file data.txt (compact mmCIF, N, CA and C atoms)
# COMPACT_ATOMS: atom_id res chain seq x y z
N MET M 1 9.87 15.39 8.09
CA MET M 1 10.36 16.19 6.98
C MET M 1 11.39 17.17 7.53
N ARG M 2 12.43 17.39 6.77
CA ARG M 2 13.49 18.32 7.19
C ARG M 2 13.85 19.23 6.03
N ASP M 3 13.77 20.52 6.24
CA ASP M 3 14.15 21.50 5.23
C ASP M 3 14.53 22.78 5.95
N ASP M 4 15.77 23.19 5.87
CA ASP M 4 16.22 24.38 6.57
C ASP M 4 15.48 25.64 6.14
N LEU M 5 14.91 25.65 4.95
CA LEU M 5 14.18 26.83 4.49
C LEU M 5 12.76 26.86 5.03
N TYR M 6 12.23 25.70 5.43
CA TYR M 6 10.83 25.65 5.86
C TYR M 6 10.68 25.58 7.37
N ALA M 7 11.46 24.76 8.02
CA ALA M 7 11.31 24.58 9.46
C ALA M 7 12.68 24.46 10.11
N SER M 8 12.73 24.85 11.37
CA SER M 8 14.01 24.81 12.06
C SER M 8 14.34 23.42 12.60
N LYS M 9 13.36 22.53 12.62
CA LYS M 9 13.62 21.15 13.07
C LYS M 9 12.75 20.18 12.27
N ALA M 10 13.13 18.93 12.31
CA ALA M 10 12.36 17.90 11.60
C ALA M 10 10.95 17.84 12.16
N ARG M 11 9.98 17.58 11.29
CA ARG M 11 8.57 17.49 11.68
C ARG M 11 7.99 16.16 11.21
N PRO M 12 7.13 15.55 12.02
CA PRO M 12 6.45 14.34 11.56
C PRO M 12 5.40 14.69 10.51
N VAL M 13 5.22 13.82 9.55
CA VAL M 13 4.21 14.01 8.49
C VAL M 13 3.49 12.69 8.26
N VAL M 14 2.35 12.78 7.60
CA VAL M 14 1.63 11.59 7.14
C VAL M 14 1.67 11.62 5.62
N ILE M 15 2.26 10.61 5.03
CA ILE M 15 2.31 10.52 3.57
C ILE M 15 0.95 10.03 3.10
N VAL M 16 0.34 10.80 2.19
CA VAL M 16 -1.00 10.46 1.71
C VAL M 16 -1.00 10.06 0.25
N GLN M 17 0.14 9.93 -0.33
CA GLN M 17 0.28 9.54 -1.73
C GLN M 17 0.23 8.03 -1.86
N SER M 18 -0.45 7.55 -2.87
CA SER M 18 -0.55 6.11 -3.12
C SER M 18 0.81 5.50 -3.42
N ASP M 19 1.02 4.28 -2.97
CA ASP M 19 2.25 3.55 -3.28
C ASP M 19 2.39 3.33 -4.79
N LYS M 20 1.29 3.39 -5.52
CA LYS M 20 1.31 3.22 -6.98
C LYS M 20 1.97 4.39 -7.69
N MET M 21 2.20 5.48 -6.97
CA MET M 21 2.80 6.69 -7.54
C MET M 21 4.28 6.80 -7.17
N SER M 22 4.95 5.70 -6.95
CA SER M 22 6.32 5.72 -6.45
C SER M 22 7.35 6.20 -7.47
N GLY M 23 6.99 6.35 -8.73
CA GLY M 23 7.94 6.77 -9.75
C GLY M 23 8.23 8.26 -9.79
N PHE M 24 7.55 9.04 -8.98
CA PHE M 24 7.73 10.49 -8.99
C PHE M 24 8.82 10.92 -8.01
N ASP M 25 9.47 12.05 -8.30
CA ASP M 25 10.50 12.59 -7.40
C ASP M 25 9.90 13.28 -6.19
N SER M 26 8.63 13.66 -6.28
CA SER M 26 7.98 14.33 -5.16
C SER M 26 6.96 13.40 -4.51
N ILE M 27 6.54 13.78 -3.31
CA ILE M 27 5.58 12.97 -2.57
C ILE M 27 4.57 13.90 -1.90
N VAL M 28 3.31 13.46 -1.84
CA VAL M 28 2.24 14.27 -1.25
C VAL M 28 2.08 13.84 0.21
N LEU M 29 2.02 14.85 1.09
CA LEU M 29 1.93 14.55 2.52
C LEU M 29 1.09 15.59 3.24
N CYS M 30 0.71 15.27 4.46
CA CYS M 30 0.04 16.21 5.36
C CYS M 30 1.02 16.55 6.46
N LEU M 31 1.13 17.84 6.73
CA LEU M 31 2.07 18.35 7.71
C LEU M 31 1.31 19.14 8.76
N MET M 32 1.56 18.88 10.01
CA MET M 32 0.96 19.62 11.13
C MET M 32 -0.56 19.65 11.05
N THR M 33 -1.17 18.61 10.61
CA THR M 33 -2.62 18.36 10.56
C THR M 33 -3.43 19.32 9.70
N ASP M 34 -2.85 20.39 9.20
CA ASP M 34 -3.67 21.33 8.44
C ASP M 34 -3.04 21.77 7.13
N LYS M 35 -1.97 21.13 6.71
CA LYS M 35 -1.30 21.53 5.47
C LYS M 35 -1.08 20.30 4.59
N ILE M 36 -1.52 20.39 3.35
CA ILE M 36 -1.24 19.35 2.37
C ILE M 36 -0.18 19.92 1.44
N ALA M 37 0.88 19.16 1.22
CA ALA M 37 1.99 19.66 0.42
C ALA M 37 2.58 18.55 -0.42
N SER M 38 3.25 18.96 -1.47
CA SER M 38 4.04 18.05 -2.30
C SER M 38 5.49 18.48 -2.14
N VAL M 39 6.34 17.56 -1.72
CA VAL M 39 7.75 17.88 -1.46
C VAL M 39 8.65 16.84 -2.11
N SER M 40 9.89 17.19 -2.26
CA SER M 40 10.88 16.27 -2.80
C SER M 40 11.09 15.12 -1.82
N ARG M 41 11.22 13.93 -2.35
CA ARG M 41 11.49 12.76 -1.50
C ARG M 41 12.75 12.95 -0.67
N SER M 42 13.69 13.74 -1.18
CA SER M 42 14.95 13.95 -0.47
C SER M 42 14.76 14.68 0.86
N MET M 43 13.61 15.33 1.05
CA MET M 43 13.33 16.04 2.29
C MET M 43 12.86 15.10 3.41
N LEU M 44 12.53 13.87 3.05
CA LEU M 44 12.02 12.93 4.05
C LEU M 44 13.16 12.29 4.81
N GLY M 45 12.95 12.10 6.08
CA GLY M 45 13.92 11.39 6.92
C GLY M 45 13.50 9.94 7.05
N LYS M 46 13.78 9.37 8.20
CA LYS M 46 13.45 7.96 8.40
C LYS M 46 11.99 7.79 8.79
N ARG M 47 11.45 6.63 8.49
CA ARG M 47 10.07 6.29 8.87
C ARG M 47 10.04 6.09 10.37
N ILE M 48 9.04 6.71 11.02
CA ILE M 48 8.93 6.56 12.47
C ILE M 48 7.72 5.74 12.87
N GLY M 49 6.90 5.34 11.92
CA GLY M 49 5.73 4.52 12.25
C GLY M 49 4.81 4.36 11.07
N VAL M 50 3.77 3.59 11.29
CA VAL M 50 2.75 3.33 10.28
C VAL M 50 1.39 3.47 10.97
N LEU M 51 0.47 4.15 10.31
CA LEU M 51 -0.86 4.33 10.89
C LEU M 51 -1.63 3.01 10.88
N GLU M 52 -2.44 2.83 11.91
CA GLU M 52 -3.33 1.67 11.95
C GLU M 52 -4.48 1.91 10.98
N ARG M 53 -5.13 0.83 10.57
CA ARG M 53 -6.19 0.88 9.55
C ARG M 53 -7.26 1.91 9.88
N ASP M 54 -7.71 1.98 11.13
CA ASP M 54 -8.78 2.92 11.47
C ASP M 54 -8.32 4.37 11.33
N ARG M 55 -7.06 4.64 11.59
CA ARG M 55 -6.51 5.98 11.40
C ARG M 55 -6.37 6.30 9.91
N ILE M 56 -5.98 5.33 9.12
CA ILE M 56 -5.88 5.53 7.67
C ILE M 56 -7.26 5.87 7.11
N ASP M 57 -8.28 5.16 7.56
CA ASP M 57 -9.65 5.44 7.12
C ASP M 57 -10.08 6.85 7.52
N GLU M 58 -9.71 7.26 8.74
CA GLU M 58 -10.05 8.60 9.22
C GLU M 58 -9.35 9.68 8.38
N VAL M 59 -8.08 9.49 8.08
CA VAL M 59 -7.33 10.44 7.25
C VAL M 59 -7.96 10.50 5.86
N SER M 60 -8.30 9.36 5.29
CA SER M 60 -8.91 9.32 3.95
C SER M 60 -10.23 10.08 3.93
N GLU M 61 -11.02 9.89 4.97
CA GLU M 61 -12.30 10.59 5.10
C GLU M 61 -12.11 12.10 5.14
N LYS M 62 -11.18 12.54 5.96
CA LYS M 62 -10.92 13.98 6.11
C LYS M 62 -10.34 14.58 4.83
N LEU M 63 -9.45 13.84 4.16
CA LEU M 63 -8.90 14.33 2.89
C LEU M 63 -9.99 14.48 1.84
N ALA M 64 -10.89 13.51 1.77
CA ALA M 64 -12.00 13.59 0.82
C ALA M 64 -12.85 14.82 1.08
N LEU M 65 -13.07 15.12 2.35
CA LEU M 65 -13.86 16.31 2.72
C LEU M 65 -13.13 17.58 2.31
N VAL M 66 -11.85 17.69 2.68
CA VAL M 66 -11.06 18.89 2.39
C VAL M 66 -10.92 19.12 0.89
N LEU M 67 -10.75 18.04 0.14
CA LEU M 67 -10.55 18.14 -1.31
C LEU M 67 -11.85 18.16 -2.11
N GLY M 68 -12.99 18.07 -1.41
CA GLY M 68 -14.29 18.11 -2.08
C GLY M 68 -14.60 16.85 -2.85
N LEU M 69 -14.10 15.71 -2.38
CA LEU M 69 -14.31 14.45 -3.07
C LEU M 69 -15.40 13.59 -2.44
N SER M 70 -16.02 14.10 -1.36
CA SER M 70 -17.05 13.30 -0.68
C SER M 70 -18.43 13.83 -1.00
call {"tool": "encode", "arguments": {"input": "data.txt", "output": "structure tokens"}}
result
Amino acid sequence: MRDDLYASKARPVVIVQSDKMSGFDSIVLCLMTDKIASVSRSMLGKRIGVLERDRIDEVSEKLALVLGLS
């Protein structure tokens, strides 16, 4: 993610929004392991990777805990 108002350099993020929600101008992501945010798609840079299935499951588990869904 890159935003001159938020950070001085690009930061890696994990997008946690479902692909089924692609019609929105904003996207939900986790930044620096402890922040969940919704930002404009225009703030995203290039994709640098894809999480493996076990990591996706771990992120889902932690999100459910943080959001009180478990």
call {"tool": "atom_distance", "arguments": {"input": "data.txt", "atom1": "atom N of Val14 (chain M)", "atom2": "atom C of Lys35 (chain M)"}}
result
8.8 Å
call {"tool": "atom_distance", "arguments": {"input": "data.txt", "atom1": "atom N of Val13 (chain M)", "atom2": "CA of Leu65 (chain M)"}}
result
20.4 Å
call {"tool": "atom_distance", "arguments": {"input": "data.txt", "atom1": "CA of Leu29 (chain M)", "atom2": "CA of Val16 (chain M)"}}
result
5.1 Å
call {"tool": "axis_aligned_box", "arguments": {"input": "data.txt", "around": "region 27-35 of chain M", "padding_each_side": "6 Å", "output": "JSON"}}
result
{"center_x": 1.4, "center_y": 17.4, "center_z": 3.9, "size_x": 22.2, "size_y": 20.8, "size_z": 26.4}
call {"tool": "select_by_dssp", "arguments": {"input": "data.txt", "residues": "chain M", "states": "strand (DSSP E or B)", "output": "PDB file with N, CA and C atoms, keeping the file's coordinate frame"}}
result
ATOM      1  N   VAL M  13       5.220  13.820   9.550  1.00  0.00           N
ATOM      2  CA  VAL M  13       4.210  14.010   8.490  1.00  0.00           C
ATOM      3  C   VAL M  13       3.490  12.690   8.260  1.00  0.00           C
ATOM      4  N   VAL M  14       2.350  12.780   7.600  1.00  0.00           N
ATOM      5  CA  VAL M  14       1.630  11.590   7.140  1.00  0.00           C
ATOM      6  C   VAL M  14       1.670  11.620   5.620  1.00  0.00           C
ATOM      7  N   ILE M  15       2.260  10.610   5.030  1.00  0.00           N
ATOM      8  CA  ILE M  15       2.310  10.520   3.570  1.00  0.00           C
ATOM      9  C   ILE M  15       0.950  10.030   3.100  1.00  0.00           C
ATOM     10  N   SER M  26       8.630  13.660  -6.280  1.00  0.00           N
ATOM     11  CA  SER M  26       7.980  14.330  -5.160  1.00  0.00           C
ATOM     12  C   SER M  26       6.960  13.400  -4.510  1.00  0.00           C
ATOM     13  N   ILE M  27       6.540  13.780  -3.310  1.00  0.00           N
ATOM     14  CA  ILE M  27       5.580  12.970  -2.570  1.00  0.00           C
ATOM     15  C   ILE M  27       4.570  13.900  -1.900  1.00  0.00           C
ATOM     16  N   VAL M  28       3.310  13.460  -1.840  1.00  0.00           N
ATOM     17  CA  VAL M  28       2.240  14.270  -1.250  1.00  0.00           C
ATOM     18  C   VAL M  28       2.080  13.840   0.210  1.00  0.00           C
ATOM     19  N   LEU M  29       2.020  14.850   1.090  1.00  0.00           N
ATOM     20  CA  LEU M  29       1.930  14.550   2.520  1.00  0.00           C
ATOM     21  C   LEU M  29       1.090  15.590   3.240  1.00  0.00           C
ATOM     22  N   CYS M  30       0.710  15.270   4.460  1.00  0.00           N
ATOM     23  CA  CYS M  30       0.040  16.210   5.360  1.00  0.00           C
ATOM     24  C   CYS M  30       1.020  16.550   6.460  1.00  0.00           C
ATOM     25  N   LEU M  31       1.130  17.840   6.730  1.00  0.00           N
ATOM     26  CA  LEU M  31       2.070  18.350   7.710  1.00  0.00           C
ATOM     27  C   LEU M  31       1.310  19.140   8.760  1.00  0.00           C
ATOM     28  N   LYS M  35      -1.970  21.130   6.710  1.00  0.00           N
ATOM     29  CA  LYS M  35      -1.300  21.530   5.470  1.00  0.00           C
ATOM     30  C   LYS M  35      -1.080  20.300   4.590  1.00  0.00           C
ATOM     31  N   ILE M  36      -1.520  20.390   3.350  1.00  0.00           N
ATOM     32  CA  ILE M  36      -1.240  19.350   2.370  1.00  0.00           C
ATOM     33  C   ILE M  36      -0.180  19.920   1.440  1.00  0.00           C
ATOM     34  N   ALA M  37       0.880  19.160   1.220  1.00  0.00           N
ATOM     35  CA  ALA M  37       1.990  19.660   0.420  1.00  0.00           C
ATOM     36  C   ALA M  37       2.580  18.550  -0.420  1.00  0.00           C
ATOM     37  N   SER M  38       3.250  18.960  -1.470  1.00  0.00           N
ATOM     38  CA  SER M  38       4.040  18.050  -2.300  1.00  0.00           C
ATOM     39  C   SER M  38       5.490  18.480  -2.140  1.00  0.00           C
ATOM     40  N   VAL M  39       6.340  17.560  -1.720  1.00  0.00           N
ATOM     41  CA  VAL M  39       7.750  17.880  -1.460  1.00  0.00           C
ATOM     42  C   VAL M  39       8.650  16.840  -2.110  1.00  0.00           C
ATOM     43  N   SER M  40       9.890  17.190  -2.260  1.00  0.00           N
ATOM     44  CA  SER M  40      10.880  16.270  -2.800  1.00  0.00           C
ATOM     45  C   SER M  40      11.090  15.120  -1.820  1.00  0.00           C
TER      46      SER M  40
END
call {"tool": "closest_residue", "arguments": {"input": "data.txt", "among": "M:Met21, M:Val59, M:Ile15, M:Val66", "to": "Ala37 (chain M)", "atoms": "only C-alpha atoms"}}
result
M:Ile15
call {"tool": "select_by_dssp", "arguments": {"input": "data.txt", "residues": "region 5-58 of chain M", "states": "alpha helix (DSSP H)", "output": "PyMOL selection string"}}
result
chain M and resi 53-58
